[in-house]
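K.L.:
Structure supplied as target-v9.pdb; contents: PDB, C-alpha atoms and all ligand atoms.
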ATOM      1  CA  MET X   1     -12.327  82.263-183.228
ATOM      2  CA  ARG X   2     -11.578  78.573-182.830
ATOM      3  CA  VAL X   3     -14.628  78.207-180.628
ATOM      4  CA  TRP X   4     -16.803  79.721-183.352
ATOM      5  CA  ILE X   5     -15.450  77.351-185.992
ATOM      6  CA  LEU X   6     -16.088  74.376-183.744
ATOM      7  CA  LEU X   7     -19.561  75.629-182.941
ATOM      8  CA  THR X   8     -20.350  76.122-186.637
ATOM      9  CA  LEU X   9     -19.011  72.679-187.502
ATOM     10  CA  SER X  10     -21.056  71.030-184.805
ATOM     11  CA  LEU X  11     -24.199  72.842-185.992
ATOM     12  CA  VAL X  12     -23.621  71.661-189.564
ATOM     13  CA  CYS X  13     -23.046  68.112-188.347
ATOM     14  CA  ALA X  14     -26.123  68.231-186.151
ATOM     15  CA  SER X  15     -28.296  69.261-189.092
ATOM     16  CA  ALA X  16     -26.968  66.559-191.451
ATOM     17  CA  ARG X  17     -29.268  63.563-191.636
ATOM     18  CA  ALA X  18     -28.051  60.062-190.991
ATOM     19  CA  ASP X  19     -30.965  58.436-192.868
ATOM     20  CA  PRO X  20     -32.177  58.998-196.404
ATOM     21  CA  VAL X  21     -35.159  61.321-196.812
ATOM     22  CA  ARG X  22     -38.202  59.059-197.010
ATOM     23  CA  VAL X  23     -40.488  60.103-199.850
ATOM     24  CA  PHE X  24     -43.799  58.706-201.050
ATOM     25  CA  VAL X  25     -45.402  59.757-204.314
ATOM     26  CA  GLY X  26     -48.773  59.142-205.950
ATOM     27  CA  VAL X  27     -47.679  57.570-209.258
ATOM     28  CA  PRO X  28     -44.466  55.950-210.634
ATOM     29  CA  PRO X  29     -43.313  58.822-212.920
ATOM     30  CA  LEU X  30     -43.111  61.067-209.842
ATOM     31  CA  GLN X  31     -40.953  58.445-208.146
ATOM     32  CA  THR X  32     -38.591  58.724-211.111
ATOM     33  CA  PHE X  33     -38.399  62.518-210.652
ATOM     34  CA  VAL X  34     -37.767  62.161-206.897
ATOM     35  CA  GLN X  35     -34.998  59.630-207.527
ATOM     36  CA  GLY X  36     -33.516  61.886-210.204
ATOM     37  CA  VAL X  37     -33.370  64.869-207.851
ATOM     38  CA  GLY X  38     -32.664  62.987-204.610
ATOM     39  CA  GLY X  39     -30.272  60.305-205.879
ATOM     40  CA  ARG X  40     -28.531  58.490-203.033
ATOM     41  CA  LEU X  41     -30.009  60.895-200.473
ATOM     42  CA  VAL X  42     -33.613  59.693-200.765
ATOM     43  CA  GLU X  43     -35.662  56.555-200.552
ATOM     44  CA  ALA X  44     -38.668  56.947-202.869
ATOM     45  CA  HIS X  45     -41.803  54.811-203.063
ATOM     46  CA  SER X  46     -44.864  55.086-205.266
ATOM     47  CA  LEU X  47     -48.232  54.351-203.705
ATOM     48  CA  VAL X  48     -49.775  53.361-207.043
ATOM     49  CA  GLN X  49     -47.854  50.326-208.263
ATOM     50  CA  PRO X  50     -47.175  49.374-211.891
ATOM     51  CA  GLY X  51     -50.366  48.066-213.455
ATOM     52  CA  GLN X  52     -52.701  49.786-210.979
ATOM     53  CA  SER X  53     -55.044  52.588-212.023
ATOM     54  CA  PRO X  54     -54.561  55.748-209.913
ATOM     55  CA  HIS X  55     -58.231  56.614-210.354
ATOM     56  CA  VAL X  56     -59.445  53.632-208.317
ATOM     57  CA  TYR X  57     -56.366  53.088-206.155
ATOM     58  CA  GLU X  58     -56.666  52.420-202.404
ATOM     59  CA  PRO X  59     -53.515  52.264-200.241
ATOM     60  CA  THR X  60     -52.621  49.070-198.390
ATOM     61  CA  PRO X  61     -52.506  49.187-194.552
ATOM     62  CA  ARG X  62     -48.746  48.762-194.841
ATOM     63  CA  GLN X  63     -48.434  51.821-197.101
ATOM     64  CA  VAL X  64     -50.540  53.860-194.681
ATOM     65  CA  ALA X  65     -48.273  52.760-191.816
ATOM     66  CA  SER X  66     -45.132  53.673-193.796
ATOM     67  CA  LEU X  67     -46.519  57.132-194.518
ATOM     68  CA  GLY X  68     -46.778  57.594-190.758
ATOM     69  CA  SER X  69     -43.002  57.981-190.614
ATOM     70  CA  ALA X  70     -42.307  59.496-194.054
ATOM     71  CA  ASP X  71     -40.757  62.945-194.603
ATOM     72  CA  LEU X  72     -42.458  63.969-197.854
ATOM     73  CA  TYR X  73     -45.502  63.005-199.886
ATOM     74  CA  VAL X  74     -45.720  64.214-203.497
ATOM     75  CA  GLY X  75     -49.377  64.145-204.536
ATOM     76  CA  ILE X  76     -51.081  64.342-207.900
ATOM     77  CA  GLY X  77     -54.766  64.285-206.989
ATOM     78  CA  ILE X  78     -55.391  60.563-206.545
ATOM     79  CA  PRO X  79     -58.556  59.934-204.471
ATOM     80  CA  PHE X  80     -56.495  58.807-201.471
ATOM     81  CA  GLU X  81     -55.247  62.387-201.027
ATOM     82  CA  ALA X  82     -58.666  63.835-200.275
ATOM     83  CA  GLY X  83     -59.673  60.719-198.293
ATOM     84  CA  GLN X  84     -57.039  59.298-195.973
ATOM     85  CA  LEU X  85     -54.127  61.725-196.306
ATOM     86  CA  PRO X  86     -55.464  64.376-193.876
ATOM     87  CA  ARG X  87     -55.688  61.767-191.095
ATOM     88  CA  ILE X  88     -52.164  60.537-191.852
ATOM     89  CA  ARG X  89     -50.861  64.108-191.690
ATOM     90  CA  ALA X  90     -52.595  64.693-188.381
ATOM     91  CA  ALA X  91     -50.819  61.627-186.967
ATOM     92  CA  ASN X  92     -47.462  62.554-188.548
ATOM     93  CA  PRO X  93     -47.099  66.350-188.398
ATOM     94  CA  GLY X  94     -43.549  65.974-189.762
ATOM     95  CA  LEU X  95     -44.936  64.798-193.119
ATOM     96  CA  ARG X  96     -44.533  67.524-195.696
ATOM     97  CA  VAL X  97     -46.983  67.396-198.604
ATOM     98  CA  LEU X  98     -46.219  68.749-202.068
ATOM     99  CA  ASP X  99     -48.967  68.788-204.691
ATOM    100  CA  ALA X 100     -47.223  68.158-208.036
ATOM    101  CA  ARG X 101     -49.970  70.188-209.744
ATOM    102  CA  GLN X 102     -49.035  73.281-207.741
ATOM    103  CA  GLY X 103     -48.291  76.307-209.939
ATOM    104  CA  ILE X 104     -49.615  74.591-213.091
ATOM    105  CA  ASP X 105     -52.611  76.008-214.920
ATOM    106  CA  LEU X 106     -54.684  72.837-215.063
ATOM    107  CA  ARG X 107     -56.610  71.939-218.194
ATOM    108  CA  ARG X 108     -60.127  70.554-218.212
ATOM    109  CA  LEU X 109     -60.623  66.926-219.106
ATOM    110  CA  GLU X 110     -61.962  66.552-222.650
ATOM    111  CA  ALA X 111     -64.793  64.354-221.440
ATOM    112  CA  HIS X 112     -66.174  67.311-219.497
ATOM    113  CA  ASP X 113     -65.881  70.019-222.100
ATOM    114  CA  HIS X 114     -66.665  68.174-225.322
ATOM    115  CA  GLY X 115     -63.212  68.185-226.755
ATOM    116  CA  HIS X 116     -62.160  71.819-226.732
ATOM    117  CA  ALA X 117     -58.439  71.933-226.244
ATOM    118  CA  GLN X 118     -57.230  74.901-224.272
ATOM    119  CA  ASP X 119     -54.562  77.072-225.749
ATOM    120  CA  GLY X 120     -51.358  78.238-224.143
ATOM    121  CA  SER X 121     -48.009  76.517-223.901
ATOM    122  CA  ALA X 122     -46.875  74.437-220.967
ATOM    123  CA  GLU X 123     -44.610  77.270-219.840
ATOM    124  CA  ASP X 124     -47.576  79.669-219.918
ATOM    125  CA  ARG X 125     -49.459  77.265-217.729
ATOM    126  CA  VAL X 126     -46.743  77.382-215.136
ATOM    127  CA  HIS X 127     -46.573  81.152-215.138
ATOM    128  CA  ARG X 128     -50.301  81.748-215.121
ATOM    129  CA  GLY X 129     -50.753  79.232-212.308
ATOM    130  CA  ASP X 130     -52.683  80.372-209.280
ATOM    131  CA  ALA X 131     -52.311  78.137-206.256
ATOM    132  CA  GLY X 132     -55.494  79.324-204.604
ATOM    133  CA  ALA X 133     -57.722  79.235-207.658
ATOM    134  CA  ALA X 134     -60.094  76.520-208.730
ATOM    135  CA  ARG X 135     -59.760  74.359-205.613
ATOM    136  CA  ALA X 136     -63.401  73.430-205.863
ATOM    137  CA  GLU X 137     -63.095  72.693-209.568
ATOM    138  CA  LEU X 138     -60.051  70.506-209.067
ATOM    139  CA  ALA X 139     -62.007  67.278-209.469
ATOM    140  CA  ASP X 140     -63.024  68.312-213.000
ATOM    141  CA  MET X 141     -59.485  69.196-213.958
ATOM    142  CA  ASP X 142     -57.063  66.940-215.753
ATOM    143  CA  PRO X 143     -54.546  65.543-213.215
ATOM    144  CA  HIS X 144     -52.127  63.947-215.750
ATOM    145  CA  VAL X 145     -49.743  66.930-215.688
ATOM    146  CA  TRP X 146     -46.513  64.893-215.813
ATOM    147  CA  THR X 147     -47.064  63.695-219.408
ATOM    148  CA  SER X 148     -45.628  67.015-220.649
ATOM    149  CA  PRO X 149     -41.809  67.104-220.262
ATOM    150  CA  PRO X 150     -41.735  70.892-219.588
ATOM    151  CA  LEU X 151     -44.269  70.326-216.812
ATOM    152  CA  GLY X 152     -42.233  67.345-215.626
ATOM    153  CA  LYS X 153     -39.353  69.777-215.242
ATOM    154  CA  HIS X 154     -41.562  72.135-213.262
ATOM    155  CA  ILE X 155     -42.522  69.248-210.939
ATOM    156  CA  ALA X 156     -38.869  68.214-210.550
ATOM    157  CA  ARG X 157     -38.017  71.796-209.558
ATOM    158  CA  ALA X 158     -40.722  71.780-206.871
ATOM    159  CA  ILE X 159     -39.384  68.433-205.611
ATOM    160  CA  ARG X 160     -35.878  69.915-205.494
ATOM    161  CA  ASP X 161     -37.119  72.853-203.400
ATOM    162  CA  ALA X 162     -38.961  70.549-200.995
ATOM    163  CA  LEU X 163     -35.893  68.306-200.551
ATOM    164  CA  VAL X 164     -33.664  71.340-199.963
ATOM    165  CA  GLU X 165     -36.023  72.510-197.214
ATOM    166  CA  ILE X 166     -36.174  69.097-195.584
ATOM    167  CA  ASP X 167     -32.430  68.438-195.879
ATOM    168  CA  PRO X 168     -30.609  71.781-196.281
ATOM    169  CA  ALA X 169     -27.215  70.252-195.517
ATOM    170  CA  ASN X 170     -27.333  68.527-198.925
ATOM    171  CA  ALA X 171     -28.808  71.438-200.901
ATOM    172  CA  ALA X 172     -25.882  71.560-203.357
ATOM    173  CA  GLU X 173     -26.304  67.905-204.291
ATOM    174  CA  TYR X 174     -30.067  68.247-204.846
ATOM    175  CA  ARG X 175     -29.458  71.293-207.034
ATOM    176  CA  ALA X 176     -26.789  69.554-209.109
ATOM    177  CA  ASN X 177     -28.977  66.454-209.545
ATOM    178  CA  TYR X 178     -31.879  68.641-210.604
ATOM    179  CA  GLU X 179     -29.765  70.378-213.249
ATOM    180  CA  ARG X 180     -28.845  67.007-214.754
ATOM    181  CA  LEU X 181     -32.457  65.816-214.742
ATOM    182  CA  ALA X 182     -33.654  69.126-216.214
ATOM    183  CA  ALA X 183     -31.115  68.815-219.044
ATOM    184  CA  ARG X 184     -32.400  65.304-219.828
ATOM    185  CA  LEU X 185     -36.003  66.516-219.820
ATOM    186  CA  ASP X 186     -35.067  69.404-222.134
ATOM    187  CA  ARG X 187     -33.452  66.921-224.520
ATOM    188  CA  LEU X 188     -36.522  64.668-224.346
ATOM    189  CA  ASP X 189     -38.741  67.670-225.105
ATOM    190  CA  ARG X 190     -36.637  68.643-228.145
ATOM    191  CA  GLU X 191     -36.640  65.070-229.476
ATOM    192  CA  ILE X 192     -40.405  64.672-229.135
ATOM    193  CA  ARG X 193     -41.011  68.078-230.684
ATOM    194  CA  ALA X 194     -38.795  67.224-233.660
ATOM    195  CA  ARG X 195     -40.731  63.992-234.180
ATOM    196  CA  LEU X 196     -44.217  65.463-233.809
ATOM    197  CA  ASP X 197     -43.811  68.917-235.402
ATOM    198  CA  PRO X 198     -44.001  67.625-239.002
ATOM    199  CA  LEU X 199     -47.240  65.631-238.525
ATOM    200  CA  SER X 200     -50.042  66.798-240.747
ATOM    201  CA  ARG X 201     -52.630  64.654-238.939
ATOM    202  CA  ARG X 202     -52.615  66.139-235.442
ATOM    203  CA  ARG X 203     -55.441  64.278-233.706
ATOM    204  CA  PHE X 204     -55.162  60.901-232.027
ATOM    205  CA  MET X 205     -57.790  58.705-230.407
ATOM    206  CA  VAL X 206     -57.152  57.358-226.941
ATOM    207  CA  TYR X 207     -59.271  55.322-224.542
ATOM    208  CA  HIS X 208     -58.396  57.083-221.266
ATOM    209  CA  PRO X 209     -57.570  60.798-221.629
ATOM    210  CA  ALA X 210     -54.169  60.755-219.915
ATOM    211  CA  TRP X 211     -52.281  62.598-222.685
ATOM    212  CA  GLY X 212     -53.875  66.050-222.592
ATOM    213  CA  TYR X 213     -50.821  67.982-221.368
ATOM    214  CA  PHE X 214     -48.587  66.047-223.756
ATOM    215  CA  ALA X 215     -50.987  66.904-226.592
ATOM    216  CA  ASP X 216     -51.176  70.582-225.595
ATOM    217  CA  THR X 217     -47.397  70.862-225.384
ATOM    218  CA  TYR X 218     -46.905  69.475-228.897
ATOM    219  CA  GLY X 219     -49.914  71.038-230.591
ATOM    220  CA  LEU X 220     -51.888  67.782-230.817
ATOM    221  CA  VAL X 221     -55.449  66.925-229.797
ATOM    222  CA  GLN X 222     -56.439  63.732-228.020
ATOM    223  CA  ILE X 223     -59.915  62.336-228.705
ATOM    224  CA  PRO X 224     -60.928  60.255-225.672
ATOM    225  CA  ILE X 225     -63.248  57.268-225.926
ATOM    226  CA  GLU X 226     -63.904  56.983-222.204
ATOM    227  CA  LYS X 227     -66.694  59.210-220.881
ATOM    228  CA  ALA X 228     -66.232  60.501-217.307
ATOM    229  CA  GLY X 229     -64.294  57.392-216.297
ATOM    230  CA  LYS X 230     -66.713  54.894-217.869
ATOM    231  CA  GLU X 231     -67.053  52.924-221.086
ATOM    232  CA  PRO X 232     -69.158  54.943-223.559
ATOM    233  CA  GLY X 233     -72.761  53.958-224.225
ATOM    234  CA  PRO X 234     -73.870  52.624-227.652
ATOM    235  CA  ARG X 235     -74.683  56.093-229.011
ATOM    236  CA  SER X 236     -71.369  57.621-227.985
ATOM    237  CA  LEU X 237     -69.620  54.581-229.377
ATOM    238  CA  ALA X 238     -71.349  54.933-232.759
ATOM    239  CA  ALA X 239     -70.467  58.641-232.824
ATOM    240  CA  LEU X 240     -66.821  57.836-232.038
ATOM    241  CA  VAL X 241     -66.687  55.268-234.849
ATOM    242  CA  ASP X 242     -68.079  57.894-237.256
ATOM    243  CA  GLN X 243     -65.564  60.441-236.028
ATOM    244  CA  ALA X 244     -62.671  57.973-236.356
ATOM    245  CA  ARG X 245     -63.716  57.192-239.965
ATOM    246  CA  ARG X 246     -64.086  60.889-240.818
ATOM    247  CA  GLU X 247     -60.676  61.741-239.412
ATOM    248  CA  GLY X 248     -58.919  58.745-240.906
ATOM    249  CA  VAL X 249     -58.001  57.312-237.479
ATOM    250  CA  LYS X 250     -56.321  53.907-237.765
ATOM    251  CA  VAL X 251     -54.971  53.440-234.239
ATOM    252  CA  ILE X 252     -56.703  53.531-230.859
ATOM    253  CA  PHE X 253     -54.323  54.077-227.956
ATOM    254  CA  VAL X 254     -54.890  52.307-224.647
ATOM    255  CA  GLN X 255     -52.884  52.056-221.441
ATOM    256  CA  PRO X 256     -52.079  48.909-219.437
ATOM    257  CA  GLN X 257     -53.857  50.076-216.275
ATOM    258  CA  VAL X 258     -57.295  50.722-217.743
ATOM    259  CA  ALA X 259     -59.575  48.004-219.167
ATOM    260  CA  SER X 260     -61.011  49.272-222.432
ATOM    261  CA  LYS X 261     -63.468  47.074-224.295
ATOM    262  CA  ALA X 262     -64.759  50.080-226.243
ATOM    263  CA  ALA X 263     -61.275  50.697-227.672
ATOM    264  CA  GLU X 264     -61.339  47.203-229.201
ATOM    265  CA  GLN X 265     -64.861  47.820-230.501
ATOM    266  CA  VAL X 266     -63.937  51.091-232.199
ATOM    267  CA  ALA X 267     -60.760  49.546-233.635
ATOM    268  CA  ALA X 268     -62.730  46.587-235.011
ATOM    269  CA  ALA X 269     -65.375  48.872-236.533
ATOM    270  CA  ILE X 270     -62.818  50.998-238.385
ATOM    271  CA  GLY X 271     -60.506  48.117-239.317
ATOM    272  CA  GLY X 272     -57.797  49.693-237.192
ATOM    273  CA  ARG X 273     -55.672  48.421-234.331
ATOM    274  CA  VAL X 274     -55.156  49.004-230.628
ATOM    275  CA  VAL X 275     -51.718  50.159-229.473
ATOM    276  CA  VAL X 276     -50.527  50.388-225.862
ATOM    277  CA  ILE X 277     -48.742  53.517-224.661
ATOM    278  CA  ASP X 278     -48.150  53.957-220.941
ATOM    279  CA  PRO X 279     -48.452  57.349-219.225
ATOM    280  CA  LEU X 280     -47.642  55.780-215.836
ATOM    281  CA  ALA X 281     -44.392  53.952-216.555
ATOM    282  CA  ALA X 282     -41.554  54.468-214.095
ATOM    283  CA  ASP X 283     -39.199  54.709-217.072
ATOM    284  CA  TYR X 284     -40.548  58.149-217.902
ATOM    285  CA  GLU X 285     -38.239  59.101-220.736
ATOM    286  CA  ALA X 286     -38.490  55.785-222.626
ATOM    287  CA  SER X 287     -42.237  55.748-222.218
ATOM    288  CA  LEU X 288     -42.733  59.275-223.598
ATOM    289  CA  ARG X 289     -40.346  58.615-226.492
ATOM    290  CA  ARG X 290     -42.327  55.513-227.360
ATOM    291  CA  ALA X 291     -45.624  57.418-227.140
ATOM    292  CA  ALA X 292     -44.296  60.063-229.541
ATOM    293  CA  ARG X 293     -43.079  57.389-231.962
ATOM    294  CA  GLU X 294     -46.407  55.493-231.885
ATOM    295  CA  ILE X 295     -48.427  58.681-232.327
ATOM    296  CA  ALA X 296     -46.245  59.682-235.303
ATOM    297  CA  GLU X 297     -46.603  56.208-236.839
ATOM    298  CA  ALA X 298     -50.374  56.248-236.305
ATOM    299  CA  ALA X 299     -50.436  59.572-238.146
ATOM    300  CA  GLY X 300     -48.669  57.858-241.038
ATOM    301  CA  GLN X 301     -45.335  59.615-240.467
TER     302      GLN X 301
HETATM  303 ZN    ZN X 401     -55.670  58.742-215.647
END
Just give me the structure as structure tokens.
Ligand code: ZN
P.N.:
Amino acid sequence: MRVWILLTLSLVCASARADPVRVFVGVPPLQTFVQGVGGRLVEAHSLVQPGQSPHVYEPTPRQVASLGSADLYVGIGIPFEAGQLPRIRAANPGLRVLDARQGIDLRRLEAHDHGHAQDGSAEDRVHRGDAGAARAELADMDPHVWTSPPLGKHIARAIRDALVEIDPANAAEYRANYERLAARLDRLDREIRARLDPLSRRRFMVYHPAWGYFADTYGLVQIPIEKAGKEPGPRSLAALVDQARREGVKVIFVQPQVASKAAEQVAAAIGGRVVVIDPLAADYEASLRRAAREIAEAAGQ
């Protein structure tokens, strides 16, 4: 009996890690989720740094070297993942990769489907998700899944499961941390919903279409200015100015990481203003609260 207890104890001790779990993520909001779930047990780094655009990001040699000894990479479809990541994985077979979009029914980017919002709630998206489907179409799909708090919760849950697999000795702590984070995200969701539900004007104009999942979750529609990652041509620009006038748009939203001359041009043409909201901020909750407040104010409420 005593031998068994000792044996069990030594097995538990052998499986406990001395070092924190080393995690890399694509963009800062995912780092916030990893820190929320992992707490003191993880060391989390974002490849894309504040101010950088994920769409044109290239990793530094130092980041590539660090990934060579990392435990987990949480991806979101930045170009690096299709480019260099397979080679890094081949060199570091211990690197587990979690795609944050996994299990989420991805929406199409507005720029590709002329502005038709898809229907279905964020929860529906999770449940209808099909991991194998639409691999080839992935490039056309909207990668900004984290901007919806219910989807943020789904991502945090997947991160929890990955950390539990990597570090089972601390499963209880990851689960407890996740529950706290999930409760905060639920509260954030309720607050944003309460602010946005009463809006009568439910469309907002944005330079880079990063807010599609946020818009879908709260029954709003984003009208992007950018066309397939580029500034619009003169004809598109004129059409957008007409549309903004017709819809009574007064505010054009931009984000710090994306240069957007056309946003200034549209704002000038309609006598409106440009307002910064940041879908990539590490302070996820504050950033989404601010976005909801600015969108409500732009709608005149
Ligand atoms: Zn983006």
K.L.:
Please extract the residues at most 10 Å from ligand ZN 401 (chain X), counting only C-alpha atoms and all ligand atoms, and provide them as a short mmCIF file (atom, residue, chain, number, x, y, z; two decimals) with C-alpha atoms, in the frame of the given file, using the chain letters and residue numbers of this document.
P.N.:
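This went into out-v3.cif:
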data_model
loop_
_atom_site.label_atom_id
_atom_site.label_comp_id
_atom_site.auth_asym_id
_atom_site.auth_seq_id
_atom_site.Cartn_x
_atom_site.Cartn_y
_atom_site.Cartn_z
CA SER X 53 -55.04 52.59 -212.02
CA PRO X 54 -54.56 55.75 -209.91
CA HIS X 55 -58.23 56.61 -210.35
CA VAL X 56 -59.44 53.63 -208.32
CA ILE X 78 -55.39 60.56 -206.54
CA ASP X 142 -57.06 66.94 -215.75
CA PRO X 143 -54.55 65.54 -213.22
CA HIS X 144 -52.13 63.95 -215.75
CA HIS X 208 -58.40 57.08 -221.27
CA PRO X 209 -57.57 60.80 -221.63
CA ALA X 210 -54.17 60.76 -219.92
CA TRP X 211 -52.28 62.60 -222.68
CA GLY X 229 -64.29 57.39 -216.30
CA GLN X 255 -52.88 52.06 -221.44
CA GLN X 257 -53.86 50.08 -216.28
CA VAL X 258 -57.30 50.72 -217.74
CA PRO X 279 -48.45 57.35 -219.22
CA LEU X 280 -47.64 55.78 -215.84
#
K.L.:
For atom CA of X:Val25 and atom CA of X:Leu47, determine how far apart the two atoms are, in Å to one decimal place.
P.N.:
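Separation of atom CA of X:Val25 and atom CA of X:Leu47: 6.1 Å.
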K.L.:
Smallest atom-to-atom distance to X:Glu81: which of X:Pro29, X:Pro234, X:Pro59, X:Pro224, using all atoms listed in the file?
P.N.:
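Nearest to X:Glu81: X:Pro59.
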K.L.:
For a test of reading the model, state the distance in Å between atom CA of X:Arg89 and atom CA of X:Ser69, rounded to one decimal.
P.N.:
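Those two atoms sit 10.0 Å apart.
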K.L.:
Please write as a count of residues only the full residue list that the PyMOL selection byres (((chain X and resi 48) around 7) and not hetatm) yields on this file.
P.N.:
10
K.L.:
Have a look at atom CA of X:Phe253 and atom CA of X:Arg235 and let me know their distance in Å, one decimal.
P.N.:
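Result for atom CA of X:Phe253 versus atom CA of X:Arg235: 20.5 Å, one decimal.
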K.L.:
Set the distance at 12 Å and use only C-alpha atoms: which residues neighbour X:Glu247 once local chain neighbours fewer than 5 positions away are removed? I'd like the list as a list in words.
P.N.:
Ser200, Arg201, Arg202, Arg203, Phe204, Met205, Ile223, Leu240, Val241, Asp242, Ile270 and Ala299 of chain X
K.L.:
From the options X:Ala282, X:Ile225, X:Val64, X:Ala296, which residue's atoms come nearest to X:Pro198, counting all atoms listed in the file?
P.N.:
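For X:Pro198, the nearest of the given residues is X:Ala296.
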K.L.:
Using all atoms listed in the file, pick whichever of X:Ala286, X:Ile252, X:Arg184, X:Glu297 has the shortest atom-to-atom distance to X:Gln265.
P.N.:
X:Ile252
K.L.:
Determine the nearest neighbour of X:Ala269 from the options X:Leu109, X:Leu237, X:Leu72, X:Val34, counting only C-alpha atoms.
P.N.:
X:Leu237
K.L.:
Given the file above and the PyMOL selection byres (((chain X and resi 39) around 12) and not hetatm), which residues are selected, and can you give them as JSON, numbers by chain?
P.N.:
{"X": [20, 21, 22, 23, 31, 32, 33, 34, 35, 36, 37, 38, 40, 41, 42, 43, 44, 160, 163, 170, 173, 174, 175, 176, 177, 178, 180, 181]}
K.L.:
Find the spatial neighbours of stretch 146-154 of chain X, counting only C-alpha atoms, within a cut-off of 6 Å - ignore same-chain residues fewer than 6 positions away - and output them as a list of chain:residue names.
P.N.:
X:Ala182, X:Leu185, X:Asp189, X:Tyr213, X:Phe214
K.L.:
Can you pull out every residue within 12 Å of X:Ser236, counting all atoms listed in the file, but drop anything in the same chain fewer than 6 positions away, and send it as a count of residues only?
P.N.:
11
K.L.:
Take the PyMOL selection byres (((chain X and resi 277) around 6) and not hetatm), apply it to the structure above, and return the hits as a ChimeraX atom specification.
P.N.:
/X:255,276,278,291
K.L.:
Give me the residues near X:Asp167 as a list in words, where near means some atom within 9 Å (using all atoms listed in the file) and where sequence neighbours in that chain fewer than 4 positions away do not count.
P.N.:
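Answer for this query is Ser15, Ala16, Arg17, Val21, Ala162, Leu163 and Ala171 of chain X.
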K.L.:
Write out as a PyMOL selection string which residues come within 9 Å of X:Leu106 when counting all atoms listed in the file, dropping same-chain ones fewer than 3 positions away.
P.N.:
chain X and resi 101+103+125+129+138+141-143+145+213
K.L.:
Please, what is the axis-aligned box for every listed atom of stretch 64-69 of chain X with 5 Å on each side, as centre and edge lengths in Å to one decimal, as JSON?
P.N.:
{"center_x": -46.8, "center_y": 55.4, "center_z": -192.6, "size_x": 17.5, "size_y": 15.2, "size_z": 14.1}
K.L.:
Restricting the calculation to only C-alpha atoms: of X:Ala183, X:Leu98, X:Ala156, X:Ala292, which residue gets closest to X:Ile76?
P.N.:
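Selected residue with least distance to X:Ile76: X:Leu98.
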